[in-house]
$ cat work21.csv   # CSV, C-alpha atoms and all ligand atoms
chain,number,residue,atom,x,y,z
A,1,MET,CA,-25.5,-0.9,-2.5
A,2,THR,CA,-23.1,-3.5,-1.3
A,3,ALA,CA,-22.5,-3.9,2.4
A,4,LYS,CA,-19.3,-2.3,3.7
A,5,ALA,CA,-17.1,-4.1,6.2
A,6,CYS,CA,-17.2,-2.6,9.6
A,7,PRO,CA,-13.9,-0.8,10.3
A,8,GLN,CA,-14.1,-1.9,13.9
A,9,CYS,CA,-15.0,-5.6,13.8
A,10,GLY,CA,-14.7,-6.4,10.1
A,11,GLN,CA,-18.2,-7.9,9.8
A,12,THR,CA,-20.3,-6.9,6.8
A,13,ASN,CA,-23.5,-6.9,8.7
A,14,THR,CA,-23.8,-3.2,8.2
A,15,TYR,CA,-26.5,-0.8,7.0
A,16,PRO,CA,-26.7,2.8,5.9
A,17,ASP,CA,-28.6,5.3,8.1
A,18,GLY,CA,-28.6,8.8,6.7
A,19,ASP,CA,-25.0,9.9,6.5
A,20,LEU,CA,-23.8,7.1,8.6
A,21,PHE,CA,-23.1,3.4,8.3
A,22,ILE,CA,-24.0,1.3,11.3
A,23,CYS,CA,-22.7,-2.1,12.2
A,24,ALA,CA,-25.4,-4.4,13.5
A,25,ASP,CA,-22.8,-6.6,15.2
A,26,CYS,CA,-20.8,-4.2,17.3
A,27,GLY,CA,-22.8,-1.0,17.0
A,28,PHE,CA,-20.0,1.0,15.5
A,29,GLU,CA,-21.0,4.0,13.4
A,30,TRP,CA,-19.0,5.8,10.8
A,31,PRO,CA,-19.6,8.4,8.0
A,32,ALA,CA,-20.9,6.7,4.9
A,33,ASN,CA,-18.7,8.9,2.7
A,34,ALA,CA,-15.5,8.0,4.5
A,35,GLN,CA,-12.7,6.6,2.3
A,36,GLU,CA,-12.2,3.3,4.0
A,37,SER,CA,-10.8,3.4,7.4
A,38,PRO,CA,-8.5,6.2,8.6
A,39,GLU,CA,-5.6,3.8,9.2
A,40,ASP,CA,-5.8,2.9,5.5
A,41,ARG,CA,-2.4,2.8,3.9
A,42,ARG,CA,-1.2,6.0,2.4
A,43,VAL,CA,-1.0,6.2,-1.3
A,44,VAL,CA,2.5,5.5,-2.7
A,45,ARG,CA,3.4,6.5,-6.2
A,46,ASP,CA,6.2,5.4,-8.4
A,47,ALA,CA,8.4,7.6,-10.5
A,48,ASN,CA,5.7,8.1,-13.1
A,49,GLY,CA,3.0,8.9,-10.5
A,50,THR,CA,1.4,5.5,-10.8
A,51,VAL,CA,-0.1,4.2,-7.6
A,52,LEU,CA,1.6,1.1,-6.3
A,53,THR,CA,-0.1,-1.6,-4.3
A,54,ASP,CA,1.0,-4.7,-2.4
A,55,GLY,CA,2.0,-7.5,-4.8
A,56,ASP,CA,2.9,-5.2,-7.7
A,57,THR,CA,5.9,-5.9,-9.8
A,58,VAL,CA,8.2,-2.9,-10.4
A,59,THR,CA,11.4,-2.2,-12.3
A,60,LEU,CA,14.3,0.0,-11.2
A,61,ILE,CA,14.8,3.2,-13.0
A,62,LYS,CA,18.3,3.7,-11.8
A,63,ASP,CA,21.2,1.7,-10.4
A,64,LEU,CA,20.8,1.4,-6.6
A,65,LYS,CA,23.7,0.5,-4.4
A,66,VAL,CA,22.7,-1.8,-1.6
A,67,LYS,CA,23.7,-0.3,1.8
A,68,GLY,CA,26.4,-2.2,3.6
A,69,SER,CA,27.4,-4.3,0.6
A,70,SER,CA,29.1,-4.1,-2.7
A,71,ILE,CA,26.0,-5.1,-4.5
A,72,THR,CA,24.3,-2.8,-7.0
A,73,LEU,CA,20.8,-3.4,-8.2
A,74,LYS,CA,20.9,-2.6,-11.9
A,75,VAL,CA,18.5,-0.3,-13.6
A,76,GLY,CA,15.8,-2.4,-15.2
A,77,SER,CA,15.9,-5.0,-12.5
A,78,LYS,CA,12.5,-6.5,-12.0
A,79,ILE,CA,11.2,-6.8,-8.4
A,80,LYS,CA,8.1,-8.9,-7.8
A,81,GLY,CA,5.7,-8.8,-4.9
A,82,ILE,CA,6.5,-5.5,-3.3
A,83,ARG,CA,4.9,-4.6,-0.1
A,84,ILE,CA,3.9,-1.0,0.8
A,85,VAL,CA,5.1,0.0,4.2
A,86,ASP,CA,5.4,3.2,6.3
A,87,GLY,CA,8.5,5.2,6.5
A,88,ASP,CA,11.0,6.9,4.3
A,89,HIS,CA,11.5,3.8,2.1
A,90,GLU,CA,8.0,2.8,1.1
A,91,LEU,CA,8.7,-0.5,-0.6
A,92,ASP,CA,9.6,-3.7,1.2
A,93,CYS,CA,10.7,-6.2,-1.3
A,94,LYS,CA,12.8,-9.3,-2.0
A,95,THR,CA,15.5,-8.9,-4.6
A,96,ASP,CA,18.3,-11.2,-5.9
A,97,ALA,CA,20.4,-9.6,-3.2
A,98,GLY,CA,17.9,-10.3,-0.4
A,99,SER,CA,15.1,-8.4,1.4
A,100,MET,CA,15.4,-4.7,1.3
A,101,MET,CA,13.6,-1.4,1.5
A,102,LEU,CA,13.4,0.8,-1.6
A,103,LYS,CA,12.1,4.3,-2.3
A,104,ALA,CA,9.1,4.4,-4.6
A,105,CYS,CA,10.6,7.3,-6.5
A,106,PHE,CA,13.3,4.9,-7.9
A,107,VAL,CA,11.0,2.4,-9.5
A,108,LYS,CA,8.2,2.2,-11.9
A,109,LYS,CA,5.3,-0.2,-12.1
A,110,ALA,CA,6.1,-3.1,-14.5
B,1,ZN,ZN,-18.8,-3.9,13.8
$ encode --input "work21.csv" --output "structure tokens"
Amino acid sequence: MTAKACPQCGQTNTYPDGDLFICADCGFEWPANAQESPEDRRVVRDANGTVLTDGDTVTLIKDLKVKGSSITLKVGSKIKGIRIVDGDHELDCKTDAGSMMLKACFVKKA
């Protein structure tokens, strides 16, 4: 079994003890079957239900008008290096028109 990083201090000097993992460095204990840390980013899915992660490249599945401008991002536009963020618009990304937030339901993973 590979050592898990401690959710509290980030060290990998940890060991399993029954149903718990224990960090030898800071003494933190957590359930061995936990899915990473609770603050882990939520799962964001694209229009096809594919899970998106930081750094993914996506393409738009519809024209999107950029708020406060006359720019429209065209369907099929490729957007590289998305970042998953909290909130109503889950994707933080850089496009030809600048940085903006997009909804995951309007893109698909490239
Ligand atoms: Zn620790």
$ closest_atom_pairs --input "work21.csv" --of "chain A" --to "ligand ZN 1 (chain B)" --cutoff "9 Å" --atoms "all atoms listed in the file" --output "tab-separated table"
residue	atom	partner	partner_atom	distance
A:Ala5	CA	B:ZN1	ZN	7.8
A:Cys6	CA	B:ZN1	ZN	4.7
A:Pro7	CA	B:ZN1	ZN	6.8
A:Gln8	CA	B:ZN1	ZN	5.1
A:Cys9	CA	B:ZN1	ZN	4.2
A:Gly10	CA	B:ZN1	ZN	6.1
A:Gln11	CA	B:ZN1	ZN	5.7
A:Thr12	CA	B:ZN1	ZN	7.8
A:Asn13	CA	B:ZN1	ZN	7.6
A:Thr14	CA	B:ZN1	ZN	7.5
A:Ile22	CA	B:ZN1	ZN	7.8
A:Cys23	CA	B:ZN1	ZN	4.6
A:Ala24	CA	B:ZN1	ZN	6.6
A:Asp25	CA	B:ZN1	ZN	5.0
A:Cys26	CA	B:ZN1	ZN	4.0
A:Gly27	CA	B:ZN1	ZN	5.9
A:Phe28	CA	B:ZN1	ZN	5.3
A:Glu29	CA	B:ZN1	ZN	8.2
$ closest_residue --input "work21.csv" --among "A:Leu102, A:Ile84, A:Val44, A:Ala97" --to "Ser70 of chain A" --atoms "all atoms listed in the file"
A:Ala97
$ atom_distance --input "work21.csv" --atom1 "atom CA of Arg45 of chain A" --atom2 "atom CA of Lys78 of chain A"
16.9 Å
$ closest_residue --input "work21.csv" --among "A:Leu60, A:Val66, A:Leu52, A:Cys105" --to "Ile82 of chain A" --atoms "all atoms listed in the file"
A:Leu52
$ closest_residue --input "work21.csv" --among "A:Ala104, A:Leu20, A:Ala32, A:Cys93" --to "Lys62 of chain A" --atoms "all atoms listed in the file"
A:Ala104
$ atom_distance --input "work21.csv" --atom1 "atom CA of Arg83 of chain A" --atom2 "atom CA of Gly98 of chain A"
14.2 Å
$ atom_distance --input "work21.csv" --atom1 "atom CA of Lys108 of chain A" --atom2 "atom CA of Leu91 of chain A"
11.6 Å
$ build_atoms --input "work21.csv" --residues "segment 2-13 of chain A" --atoms "all heavy atoms" --output "tab-separated table (two decimals), in the frame of the given file"
chain	number	residue	atom	x	y	z
A	2	THR	N	-23.69	-2.39	-1.94
A	2	THR	CA	-23.10	-3.50	-1.30
A	2	THR	C	-22.71	-3.17	0.16
A	2	THR	O	-22.37	-2.03	0.45
A	2	THR	CB	-21.82	-4.00	-2.01
A	2	THR	OG1	-20.97	-2.87	-2.19
A	2	THR	CG2	-22.14	-4.59	-3.36
A	3	ALA	N	-22.79	-4.14	1.03
A	3	ALA	CA	-22.50	-3.90	2.40
A	3	ALA	C	-20.99	-3.60	2.59
A	3	ALA	O	-20.14	-4.24	1.97
A	3	ALA	CB	-22.86	-5.10	3.26
A	4	LYS	N	-20.68	-2.61	3.40
A	4	LYS	CA	-19.30	-2.30	3.70
A	4	LYS	C	-18.87	-3.07	4.93
A	4	LYS	O	-19.66	-3.24	5.85
A	4	LYS	CB	-19.13	-0.81	4.00
A	4	LYS	CG	-19.19	0.10	2.79
A	4	LYS	CD	-19.25	1.52	3.30
A	4	LYS	CE	-19.14	2.52	2.17
A	4	LYS	NZ	-17.84	3.10	2.02
A	5	ALA	N	-17.63	-3.46	4.97
A	5	ALA	CA	-17.10	-4.10	6.20
A	5	ALA	C	-16.98	-3.09	7.28
A	5	ALA	O	-16.56	-1.96	7.05
A	5	ALA	CB	-15.78	-4.76	5.88
A	6	CYS	N	-17.35	-3.48	8.46
A	6	CYS	CA	-17.20	-2.60	9.60
A	6	CYS	C	-15.75	-2.34	9.92
A	6	CYS	O	-14.98	-3.28	10.02
A	6	CYS	CB	-17.90	-3.27	10.82
A	6	CYS	SG	-17.57	-2.42	12.36
A	7	PRO	N	-15.35	-1.07	10.04
A	7	PRO	CA	-13.90	-0.80	10.30
A	7	PRO	C	-13.50	-1.29	11.69
A	7	PRO	O	-12.32	-1.46	11.94
A	7	PRO	CB	-13.88	0.77	10.32
A	7	PRO	CG	-15.14	1.22	9.70
A	7	PRO	CD	-16.16	0.15	9.92
A	8	GLN	N	-14.46	-1.50	12.57
A	8	GLN	CA	-14.10	-1.90	13.90
A	8	GLN	C	-14.03	-3.43	14.06
A	8	GLN	O	-13.06	-3.95	14.60
A	8	GLN	CB	-15.14	-1.36	14.91
A	8	GLN	CG	-14.82	-1.71	16.35
A	8	GLN	CD	-15.39	-0.69	17.30
A	8	GLN	OE1	-14.89	0.41	17.42
A	8	GLN	NE2	-16.49	-1.04	17.95
A	9	CYS	N	-15.05	-4.16	13.58
A	9	CYS	CA	-15.00	-5.60	13.80
A	9	CYS	C	-14.86	-6.40	12.52
A	9	CYS	O	-14.65	-7.60	12.55
A	9	CYS	CB	-16.32	-6.05	14.52
A	9	CYS	SG	-17.80	-5.92	13.51
A	10	GLY	N	-14.96	-5.74	11.36
A	10	GLY	CA	-14.70	-6.40	10.10
A	10	GLY	C	-15.88	-7.18	9.54
A	10	GLY	O	-15.80	-7.75	8.45
A	11	GLN	N	-16.99	-7.23	10.26
A	11	GLN	CA	-18.20	-7.90	9.80
A	11	GLN	C	-18.85	-7.06	8.69
A	11	GLN	O	-18.70	-5.84	8.67
A	11	GLN	CB	-19.16	-8.18	10.90
A	11	GLN	CG	-18.62	-9.08	11.99
A	11	GLN	CD	-18.25	-10.44	11.48
A	11	GLN	OE1	-19.01	-11.07	10.75
A	11	GLN	NE2	-17.06	-10.91	11.85
A	12	THR	N	-19.60	-7.69	7.81
A	12	THR	CA	-20.30	-6.90	6.80
A	12	THR	C	-21.78	-6.82	7.04
A	12	THR	O	-22.56	-6.54	6.16
A	12	THR	CB	-20.06	-7.59	5.39
A	12	THR	OG1	-20.43	-8.96	5.49
A	12	THR	CG2	-18.63	-7.45	4.96
A	13	ASN	N	-22.15	-7.05	8.28
A	13	ASN	CA	-23.50	-6.90	8.70
A	13	ASN	C	-23.83	-5.48	9.02
A	13	ASN	O	-24.14	-5.13	10.15
A	13	ASN	CB	-23.76	-7.85	9.91
A	13	ASN	CG	-25.24	-8.06	10.19
A	13	ASN	OD1	-26.09	-7.70	9.38
A	13	ASN	ND2	-25.53	-8.63	11.33
